[in-house]
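> One structure is given below, represented as structure tokens, and several questions about it will come after.
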Amino acid sequence: MVHKSRFQKNVKPFLICKDHTVSGEQYSLMKNQEFDLLVTSPVPSNLEKYYQSNAYISHTDAKKSLFDKVYQIVKRHTLKKKVMLLDSFVTEEKTVLDVGAGTGDFLQACKKNHWKVEGLEPSEKAREIAKSKNIILKKDLSFFKGQKFDVITLWHVLEHVENLETYTQSLKELLKENGRLLIAVPNYKSFDARYYAAFWAAFDVPRHLWHFSQKSIQKIFALVSLKVIGVLPMKFDAYYVSLLSEKYRNGKMNIIKSFWIGFQSNSKAKKTSEYSSLIYVLKST
């Protein structure tokens, strides 16, 4: 990023984190108080290289390790839930754009439920895997200029977007007047985030450039006249993230401890609504 966005200005130190996936480098999380947003600093100029790891399983269909297998099992379950959420919206044409579509499994599930699907994915490797499933993905948003969609989805994608200000505006322009924008992101105010602190896997620096709270999402999208009309929990994330966080903190996975922290996080969130990850449903104001 050459020029600082409004979200990167007037920030104060919050936490030091390490890249546990690729480089082992340390990064600062800086807090923008106005937007209740954490910002990763610095952002590497060669950010794409930090995605080049077999450990980055959202770009693969890997099922080698225990962790891979858990990830794929949870993914299959959540796919059904996501499609059910889309089907709950009344739309004329059932058009969906999935941003950051990975290996295309979500769009494949939507297609089976009679949605007209489009998607984008920056990773060439992931696009090739999606192509083998008859899901053709574009490289970036510019390919959809002038189109309008009933639903646009970003499943754990917004935290990776470099140009957050212009990107949110582009999403608004691609949405039909009565369309829905679905944003799923980690929640740094969850119990598991506070418990693991610098070892919390969902910080995932430097790939995650932004770290959101409920206030963050409300305020950021208000800038482009989009309003949060619903917030839904992603309860499995507390267990999945805790499993990986335990590995980062202690050098090995501890299934029992991870389950206990995940369980506590979800239990406390019943009162606070601060689940490990949240799905935001937005529409035009």
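Scheme for the structure tokens: letters A, B, ... for chains in order shown; per-chain residue numbers from 1; ligand numbers from 1 in order shown.
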Which of stretch 51-159 of chain A end up as alpha helix (DSSP H) when DSSP is run on this backbone - answer as number ranges by chain?

A: 66-87, 105-112, 124-131

> What lies within 9 Å of A:Pro206 using only C-alpha atoms, ignoring chain neighbours under 4 positions off, as a PyMOL selection string?

chain A and resi 18-19+25-27+40-44+47+50+160

> Pick out the closest residue to A:Leu97 from this set: A:Gly24, A:Gly230, A:Gly146, A:Gly119. Count only C-alpha atoms.

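So, comparing all the options, the nearest one is A:Gly119.
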
> Using only C-alpha atoms, can you tell me which of A:Glu34, A:Glu246, A:Asp192, A:Asp204 comes closest to A:Glu274?

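Among the listed residues, A:Asp192 lies closest to A:Glu274.
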
> Have a look at A:Ser245, A:Gly104, A:Ser45, A:Ala126 and name the one nearest to A:Tyr196; count only C-alpha atoms.

A:Ser245

> DSSP on the backbone: what in stretch 68-279 of chain A comes out strand (DSSP E), as a tab-separated table (two decimals) with N, CA and C atoms, in the first residue's frame?


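This is the output file part-v4.tsv:
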chain	number	residue	atom	x	y	z
A	95	THR	N	-29.18	-14.93	-8.65
A	95	THR	CA	-27.79	-14.73	-9.09
A	95	THR	C	-26.91	-14.48	-7.88
A	96	VAL	N	-25.77	-15.17	-7.84
A	96	VAL	CA	-24.84	-15.01	-6.72
A	96	VAL	C	-23.42	-14.83	-7.24
A	97	LEU	N	-22.72	-13.88	-6.64
A	97	LEU	CA	-21.30	-13.69	-6.91
A	97	LEU	C	-20.54	-14.02	-5.63
A	98	ASP	N	-19.64	-15.00	-5.72
A	98	ASP	CA	-18.81	-15.36	-4.56
A	98	ASP	C	-17.42	-14.78	-4.75
A	99	VAL	N	-17.04	-13.89	-3.85
A	99	VAL	CA	-15.75	-13.22	-3.92
A	99	VAL	C	-14.75	-13.99	-3.05
A	116	LYS	N	-27.71	-19.14	-10.24
A	116	LYS	CA	-26.81	-18.78	-11.34
A	116	LYS	C	-25.55	-18.20	-10.71
A	117	VAL	N	-24.43	-18.87	-10.93
A	117	VAL	CA	-23.24	-18.55	-10.14
A	117	VAL	C	-22.15	-17.86	-10.95
A	118	GLU	N	-21.47	-16.94	-10.28
A	118	GLU	CA	-20.25	-16.31	-10.76
A	118	GLU	C	-19.31	-16.24	-9.56
A	119	GLY	N	-18.01	-16.22	-9.85
A	119	GLY	CA	-17.07	-16.13	-8.75
A	119	GLY	C	-15.73	-15.59	-9.18
A	120	LEU	N	-14.98	-15.11	-8.20
A	120	LEU	CA	-13.61	-14.67	-8.48
A	120	LEU	C	-12.68	-15.27	-7.43
A	149	PHE	N	-26.01	-8.32	-9.01
A	149	PHE	CA	-26.29	-9.62	-8.41
A	149	PHE	C	-27.30	-9.51	-7.27
A	150	ASP	N	-28.09	-10.60	-7.12
A	150	ASP	CA	-29.04	-10.67	-6.01
A	150	ASP	C	-28.31	-10.82	-4.68
A	151	VAL	N	-27.26	-11.63	-4.71
A	151	VAL	CA	-26.47	-11.88	-3.50
A	151	VAL	C	-25.00	-11.86	-3.85
A	152	ILE	N	-24.21	-11.19	-3.01
A	152	ILE	CA	-22.75	-11.23	-3.11
A	152	ILE	C	-22.23	-11.77	-1.79
A	153	THR	N	-21.33	-12.75	-1.86
A	153	THR	CA	-20.81	-13.36	-0.64
A	153	THR	C	-19.29	-13.21	-0.55
A	154	LEU	N	-18.82	-12.98	0.67
A	154	LEU	CA	-17.39	-12.98	0.96
A	154	LEU	C	-17.20	-13.81	2.23
A	155	TRP	N	-16.82	-15.07	2.05
A	155	TRP	CA	-16.62	-15.97	3.19
A	155	TRP	C	-15.16	-15.89	3.64
A	175	LEU	N	-24.22	-4.79	-6.44
A	175	LEU	CA	-25.39	-5.34	-5.76
A	175	LEU	C	-26.68	-4.74	-6.31
A	176	LYS	N	-27.67	-5.60	-6.54
A	176	LYS	CA	-28.98	-5.11	-6.97
A	176	LYS	C	-29.59	-4.24	-5.87
A	177	GLU	N	-30.58	-3.44	-6.24
A	177	GLU	CA	-31.18	-2.49	-5.31
A	177	GLU	C	-31.67	-3.16	-4.02
A	178	ASN	N	-32.30	-4.32	-4.17
A	178	ASN	CA	-32.79	-5.05	-3.00
A	178	ASN	C	-31.94	-6.27	-2.68
A	179	GLY	N	-30.69	-6.26	-3.16
A	179	GLY	CA	-29.80	-7.39	-2.96
A	179	GLY	C	-29.26	-7.49	-1.55
A	180	ARG	N	-28.56	-8.58	-1.31
A	180	ARG	CA	-27.96	-8.82	0.00
A	180	ARG	C	-26.46	-9.07	-0.15
A	181	LEU	N	-25.70	-8.47	0.73
A	181	LEU	CA	-24.27	-8.69	0.80
A	181	LEU	C	-23.99	-9.49	2.07
A	182	LEU	N	-23.31	-10.63	1.94
A	182	LEU	CA	-22.98	-11.48	3.09
A	182	LEU	C	-21.48	-11.43	3.32
A	183	ILE	N	-21.11	-11.00	4.52
A	183	ILE	CA	-19.71	-10.88	4.89
A	183	ILE	C	-19.44	-11.76	6.10
A	184	ALA	N	-18.53	-12.74	5.97
A	184	ALA	CA	-18.12	-13.56	7.11
A	184	ALA	C	-16.68	-13.23	7.44
A	185	VAL	N	-16.44	-12.84	8.69
A	185	VAL	CA	-15.08	-12.49	9.13
A	185	VAL	C	-14.86	-12.94	10.57
A	186	PRO	N	-13.59	-13.15	10.96
A	186	PRO	CA	-13.29	-13.42	12.36
A	186	PRO	C	-13.64	-12.21	13.23
A	210	TRP	N	-6.85	-6.75	8.00
A	210	TRP	CA	-7.82	-6.05	8.85
A	210	TRP	C	-8.46	-7.05	9.81
A	211	HIS	N	-8.81	-6.58	10.99
A	211	HIS	CA	-9.38	-7.44	12.03
A	211	HIS	C	-10.59	-6.71	12.59
A	226	LEU	N	-24.48	0.96	3.08
A	226	LEU	CA	-24.95	-0.40	3.31
A	226	LEU	C	-25.15	-0.59	4.81
A	227	LYS	N	-26.26	-1.21	5.16
A	227	LYS	CA	-26.65	-1.35	6.56
A	227	LYS	C	-26.69	-2.82	6.97
A	228	VAL	N	-26.17	-3.11	8.17
A	228	VAL	CA	-26.24	-4.46	8.71
A	228	VAL	C	-27.68	-4.73	9.18
A	229	ILE	N	-28.31	-5.75	8.59
A	229	ILE	CA	-29.69	-6.08	8.97
A	229	ILE	C	-29.78	-7.42	9.71
A	230	GLY	N	-28.64	-8.10	9.82
A	230	GLY	CA	-28.62	-9.38	10.54
A	230	GLY	C	-27.20	-9.81	10.83
A	231	VAL	N	-27.01	-10.48	11.97
A	231	VAL	CA	-25.70	-11.01	12.34
A	231	VAL	C	-25.90	-12.45	12.81
A	232	LEU	N	-25.16	-13.38	12.19
A	232	LEU	CA	-25.30	-14.80	12.48
A	232	LEU	C	-23.98	-15.40	12.95
A	233	PRO	N	-24.01	-16.35	13.88
A	233	PRO	CA	-22.77	-16.95	14.37
A	233	PRO	C	-22.24	-18.04	13.46
A	277	SER	N	-16.37	-16.16	14.87
A	277	SER	CA	-16.59	-15.57	13.55
A	277	SER	C	-18.07	-15.25	13.41
A	278	LEU	N	-18.35	-14.23	12.61
A	278	LEU	CA	-19.72	-13.79	12.43
A	278	LEU	C	-20.03	-13.57	10.95
A	279	ILE	N	-21.27	-13.86	10.58
A	279	ILE	CA	-21.78	-13.56	9.24
A	279	ILE	C	-22.66	-12.32	9.36

> Just want the 10 Å neighbourhood of A:Tyr248, counted on only C-alpha atoms, with same-chain residues fewer than 5 positions away dropped. Output as JSON, numbers by chain.

{"A": [18, 19, 20, 21, 196, 198, 199, 200, 201, 242, 243, 253]}

> Put those residues in a file: N, CA and C atoms, as a CSV table (one decimal), in the first residue's frame.


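Written file, result-v2.csv:
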chain,number,residue,atom,x,y,z
A,18,LYS,N,2.8,-13.0,15.3
A,18,LYS,CA,3.8,-13.7,14.4
A,18,LYS,C,3.1,-14.5,13.3
A,19,ASP,N,3.7,-14.5,12.1
A,19,ASP,CA,3.2,-15.3,11.0
A,19,ASP,C,3.6,-16.8,11.3
A,20,HIS,N,2.7,-17.6,11.7
A,20,HIS,CA,3.0,-19.0,12.0
A,20,HIS,C,2.9,-19.9,10.8
A,21,THR,N,2.4,-19.4,9.6
A,21,THR,CA,2.2,-20.3,8.5
A,21,THR,C,3.3,-20.3,7.5
A,196,TYR,N,-6.4,-16.6,23.5
A,196,TYR,CA,-5.1,-16.9,22.8
A,196,TYR,C,-4.3,-15.7,22.5
A,198,ALA,N,-1.9,-13.2,21.2
A,198,ALA,CA,-1.0,-13.1,20.0
A,198,ALA,C,-1.0,-14.5,19.3
A,199,PHE,N,-1.4,-15.6,19.9
A,199,PHE,CA,-1.4,-16.9,19.3
A,199,PHE,C,-2.8,-17.2,18.6
A,200,TRP,N,-3.7,-16.3,18.6
A,200,TRP,CA,-5.0,-16.5,18.0
A,200,TRP,C,-4.8,-16.7,16.5
A,201,ALA,N,-5.2,-17.9,16.0
A,201,ALA,CA,-4.9,-18.3,14.6
A,201,ALA,C,-5.6,-17.4,13.6
A,242,SER,N,-9.4,-22.6,17.6
A,242,SER,CA,-8.8,-22.9,18.9
A,242,SER,C,-7.8,-24.1,18.7
A,243,LEU,N,-8.2,-25.0,17.8
A,243,LEU,CA,-7.3,-26.2,17.5
A,243,LEU,C,-6.0,-25.7,16.9
A,253,MET,N,-1.1,-29.9,18.6
A,253,MET,CA,-2.5,-29.8,18.8
A,253,MET,C,-3.0,-30.5,20.0

> Need to verify the contact set: A:Gln264, 10 Å, only C-alpha atoms, exclusion of same-chain residues closer than 3 positions in sequence. Can you return it as a list in words?

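Here the qualifying residues turn out to be Phe191, Asp192, Ala238, Tyr239, Ser258, Phe259, Trp260, Ile261, Ser267, Lys268 and Ala269 of chain A.
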